[in-house]
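K.L.:
Contents are compact mmCIF, C-alpha atoms; file name model20.txt:
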# COMPACT_ATOMS: atom_id res chain seq x y z
CA MET A 25 -26.14 40.61 125.34
CA HIS A 26 -26.31 36.97 124.27
CA ILE A 27 -26.41 34.54 127.20
CA ASP A 28 -24.40 31.86 125.35
CA THR A 29 -21.56 34.34 124.90
CA THR A 30 -21.80 35.65 128.46
CA LEU A 31 -22.05 32.72 130.88
CA ALA A 32 -22.23 28.97 130.29
CA LEU A 33 -22.59 26.11 132.78
CA LEU A 34 -20.26 23.45 131.39
CA ALA A 35 -20.38 20.70 134.01
CA PRO A 36 -21.25 20.35 137.68
CA GLY A 37 -19.16 22.97 139.46
CA LYS A 38 -17.68 24.55 136.29
CA VAL A 39 -18.87 27.79 134.74
CA LEU A 40 -17.42 29.58 131.70
CA VAL A 41 -17.61 33.38 131.87
CA ASN A 42 -16.95 36.22 129.47
CA PRO A 43 -14.40 38.58 131.06
CA GLU A 44 -15.79 41.58 129.15
CA TYR A 45 -19.35 41.08 130.40
CA ILE A 46 -18.99 39.40 133.80
CA ASP A 47 -17.15 40.60 136.89
CA VAL A 48 -16.04 37.29 138.43
CA ASP A 49 -15.81 38.95 141.85
CA ARG A 50 -19.57 39.69 141.69
CA LEU A 51 -20.93 36.27 140.73
CA PRO A 52 -24.05 35.09 142.57
CA ASP A 53 -23.43 33.20 145.82
CA THR A 54 -24.59 29.98 144.11
CA LEU A 55 -21.52 30.10 141.84
CA LYS A 56 -18.93 31.26 144.43
CA SER A 57 -17.76 27.69 145.15
CA TRP A 58 -17.57 26.73 141.45
CA ASP A 59 -14.48 26.66 139.24
CA VAL A 60 -14.76 29.87 137.24
CA LEU A 61 -13.25 29.42 133.81
CA VAL A 62 -12.53 32.76 132.19
CA ALA A 63 -12.91 32.55 128.42
CA PRO A 64 -9.74 33.35 126.49
CA GLU A 65 -9.70 36.27 124.09
CA PRO A 66 -11.37 34.94 120.92
CA ASP A 67 -9.39 34.29 117.76
CA PRO A 68 -10.31 36.87 115.12
CA ILE A 69 -12.62 35.70 112.35
CA GLY A 70 -11.20 36.67 108.98
CA ASP A 71 -14.37 36.30 106.90
CA ARG A 72 -15.73 39.82 106.26
CA LEU A 73 -19.35 38.68 105.91
CA LEU A 74 -19.26 36.91 109.28
CA LYS A 75 -17.78 39.98 110.95
CA VAL A 76 -20.57 42.17 109.59
CA THR A 77 -23.55 39.86 110.03
CA SER A 78 -22.91 37.99 113.28
CA MET A 79 -25.29 39.25 115.94
CA CYS A 80 -23.18 37.78 118.72
CA GLY A 81 -19.90 39.55 118.22
CA LYS A 82 -16.45 38.18 118.77
CA TRP A 83 -17.33 35.99 121.77
CA LEU A 84 -19.08 33.33 119.72
CA SER A 85 -16.19 31.05 120.72
CA MET A 86 -18.02 30.52 124.05
CA ASN A 87 -21.08 29.06 122.32
CA VAL A 88 -20.18 25.40 122.78
CA LEU A 89 -22.26 22.25 123.19
CA MET A 90 -21.57 19.89 126.09
CA ILE A 91 -22.09 16.23 125.20
CA ASP A 92 -21.40 15.10 128.76
CA GLU A 93 -19.27 16.31 131.67
CA LYS A 94 -16.06 15.95 129.64
CA ARG A 95 -16.79 16.07 125.91
CA VAL A 96 -17.57 19.43 124.32
CA ILE A 97 -18.22 20.39 120.71
CA ALA A 98 -16.56 23.67 119.79
CA GLU A 99 -15.85 25.63 116.63
CA ARG A 100 -12.68 24.43 114.89
CA HIS A 101 -11.57 27.99 114.08
CA HIS A 102 -11.53 29.08 117.74
CA THR A 103 -8.20 27.46 118.59
CA GLY A 104 -7.69 29.51 121.76
CA MET A 105 -10.96 28.19 123.20
CA LEU A 106 -10.10 24.62 122.15
CA ARG A 107 -6.74 24.84 123.97
CA ALA A 108 -8.37 26.39 127.06
CA LEU A 109 -11.00 23.65 127.20
CA GLU A 110 -8.26 21.00 127.06
CA LYS A 111 -6.31 22.78 129.80
CA TRP A 112 -9.43 22.77 131.98
CA GLY A 113 -9.76 18.98 131.60
CA PHE A 114 -12.40 18.81 128.88
CA GLU A 115 -12.18 16.81 125.66
CA PRO A 116 -12.98 19.28 122.86
CA ILE A 117 -14.38 17.97 119.60
CA PRO A 118 -13.53 20.56 116.91
CA CYS A 119 -16.23 20.98 114.27
CA ASP A 120 -17.14 23.53 111.59
CA LEU A 121 -20.20 25.71 112.10
CA LEU A 122 -19.04 29.24 111.24
CA HIS A 123 -21.68 29.43 108.51
CA TYR A 124 -24.33 29.54 111.27
CA ALA A 125 -22.85 32.69 112.88
CA PRO A 126 -24.81 35.18 110.71
CA PHE A 127 -28.00 33.70 112.18
CA GLY A 128 -26.86 34.67 115.65
CA GLY A 129 -25.19 31.73 117.27
CA SER A 130 -23.22 28.53 117.15
CA PHE A 131 -23.49 24.99 118.52
CA HIS A 132 -25.48 25.71 121.68
CA CYS A 133 -27.98 27.89 119.82
CA ALA A 134 -28.28 25.63 116.79
CA THR A 135 -29.10 22.45 118.73
CA LEU A 136 -31.82 21.12 120.96
CA ASP A 137 -31.43 18.18 123.31
CA VAL A 138 -34.17 15.74 122.53
CA ARG A 139 -32.89 12.82 124.52
CA ARG A 140 -29.91 12.21 126.77
CA ARG A 141 -28.70 9.15 128.64
CA GLY A 142 -28.12 9.20 132.36
CA THR A 143 -30.00 10.56 135.30
CA LEU A 144 -31.43 14.02 135.64
CA GLU A 145 -29.47 16.04 138.17
CA SER A 146 -29.31 19.60 139.40
CA TYR A 147 -26.02 21.48 139.34
CA PHE A 148 -27.22 23.59 142.27
CA ASP A 149 -27.92 21.07 145.04
Please go through the file and, once you have read it, give me the structure as structure tokens.

P.N.:
Amino acid sequence: MHIDTTLALLAPGKVLVNPEYIDVDRLPDTLKSWDVLVAPEPDPIGDRLLKVTSMCGKWLSMNVLMIDEKRVIAERHHTGMLRALEKWGFEPIPCDLLHYAPFGGSFHCATLDVRRRGTLESYFD
């Protein structure tokens, strides 16, 4: 199991879940009042090498990077996820990072927040 392809907190009150790994009826009480966004079935990846070497499986489409509460960087090839993010009120920024998949991740795994603007807040208050 890879946490970034299982459950992702996207914004205050919004959680993205993998329908193959998470039973939305059994979420912790903390998340019961949140908007639960069920990830769409991922678009198949045609590249044979990526299919064989990716340690994260087909759900790598969930591995996105939130810039703020609206803007989200997502893999350009995962068009189903891009459309779902738009439908949920986010502003997806499609980018290419499929070449990182054989190392076991995508945008969320390949980045590290060093500095952000704004105030520190808890999603669980």

K.L.:
Using all atoms listed in the file, which protein or nucleic acid residues come within 10 Å of stretch 62-64 of chain A? Drop anything in the same chain fewer than 3 positions from it, and give the result as a list of chain:residue names.

P.N.:
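Counting only the stated atoms, we get A:Thr29, A:Thr30, A:Leu31, A:Val39, A:Leu40, A:Val41, A:Asn42, A:Pro43, A:Glu44, A:Ile46, A:Val48, A:Asp59, A:Asp67, A:Trp83, A:Ser85, A:Met86, A:His102, A:Thr103, A:Gly104, A:Met105, A:Leu106, A:Arg107, A:Ala108, A:Leu109.
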
K.L.:
Hey, can you check how far atom CA of A:Leu144 sits from atom CA of A:Pro116?

P.N.:
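Calculated distance between atom CA of A:Leu144 and atom CA of A:Pro116 is 23.1 Å.
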
K.L.:
What's the separation between atom CA of A:Glu99 and atom CA of A:Arg50, in Å to one decimal place?

P.N.:
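Atom CA of A:Glu99 sits 29.0 Å away from atom CA of A:Arg50.
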
K.L.:
Quick one: distance from atom CA of A:Ala35 to atom CA of A:Lys82 in Å, one decimal?

P.N.:
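Atom-to-atom, atom CA of A:Ala35 to atom CA of A:Lys82, that is 23.5 Å.
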
K.L.:
List the neighbours of A:Glu115 out to 8 Å using all atoms listed in the file; skip same-chain residues closer than 2 positions along the sequence, and give me the result as a PyMOL selection string.

P.N.:
chain A and resi 94-96+109-110+113+117

K.L.:
Would you please work out which residue, of A:Cys119, A:His101, A:Lys111, A:Ile91, is nearest to A:Arg141 when using only C-alpha atoms?

P.N.:
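Using only C-alpha atoms, the shortest distance to A:Arg141 belongs to A:Ile91.
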
K.L.:
Could you tell me which of A:Pro66, A:Gly142, A:Pro118, A:Pro52 comes closest to A:Leu84 if we count only C-alpha atoms?

P.N.:
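Looking at the shortest contact to A:Leu84, the residue is A:Pro66.
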
K.L.:
Between A:Ile69, A:Asp49, A:His123, A:Phe148, which one has atoms that come closest to A:Leu33, using only C-alpha atoms?

P.N.:
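Between A:Ile69, A:Asp49, A:His123, A:Phe148, the residue approaching A:Leu33 most closely is A:Phe148.
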
K.L.:
Please write as a ChimeraX atom specification the list of polymer residues whose atoms come within 12 Å of (-29.9, 22.4, 144.7), counting all atoms listed in the file and keeping to the coordinates of the file.

P.N.:
/A:36-37,54-55,145-149

K.L.:
Ranking A:Asp92, A:Asp120, A:Arg100, A:Trp112 by minimum distance to A:Arg140 and counting only C-alpha atoms, which one comes first?

P.N.:
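With only C-alpha atoms as the atom set, the closest residue is A:Asp92.
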
K.L.:
Edge lengths and centre in Å to one decimal, as JSON, is what I'm after for the box along x, y and z that holds all listed atoms of stretch 32-46 of chain A once 6 Å is added on each side.

P.N.:
{"center_x": -18.5, "center_y": 31.0, "center_z": 134.3, "size_x": 20.2, "size_y": 33.2, "size_z": 22.3}

K.L.:
From the list A:Phe114, A:Gly81, A:Ala98, A:Asp53, which residue is nearest A:Lys38 when using all atoms listed in the file?

P.N.:
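The answer is A:Phe114, which sits nearest to A:Lys38.
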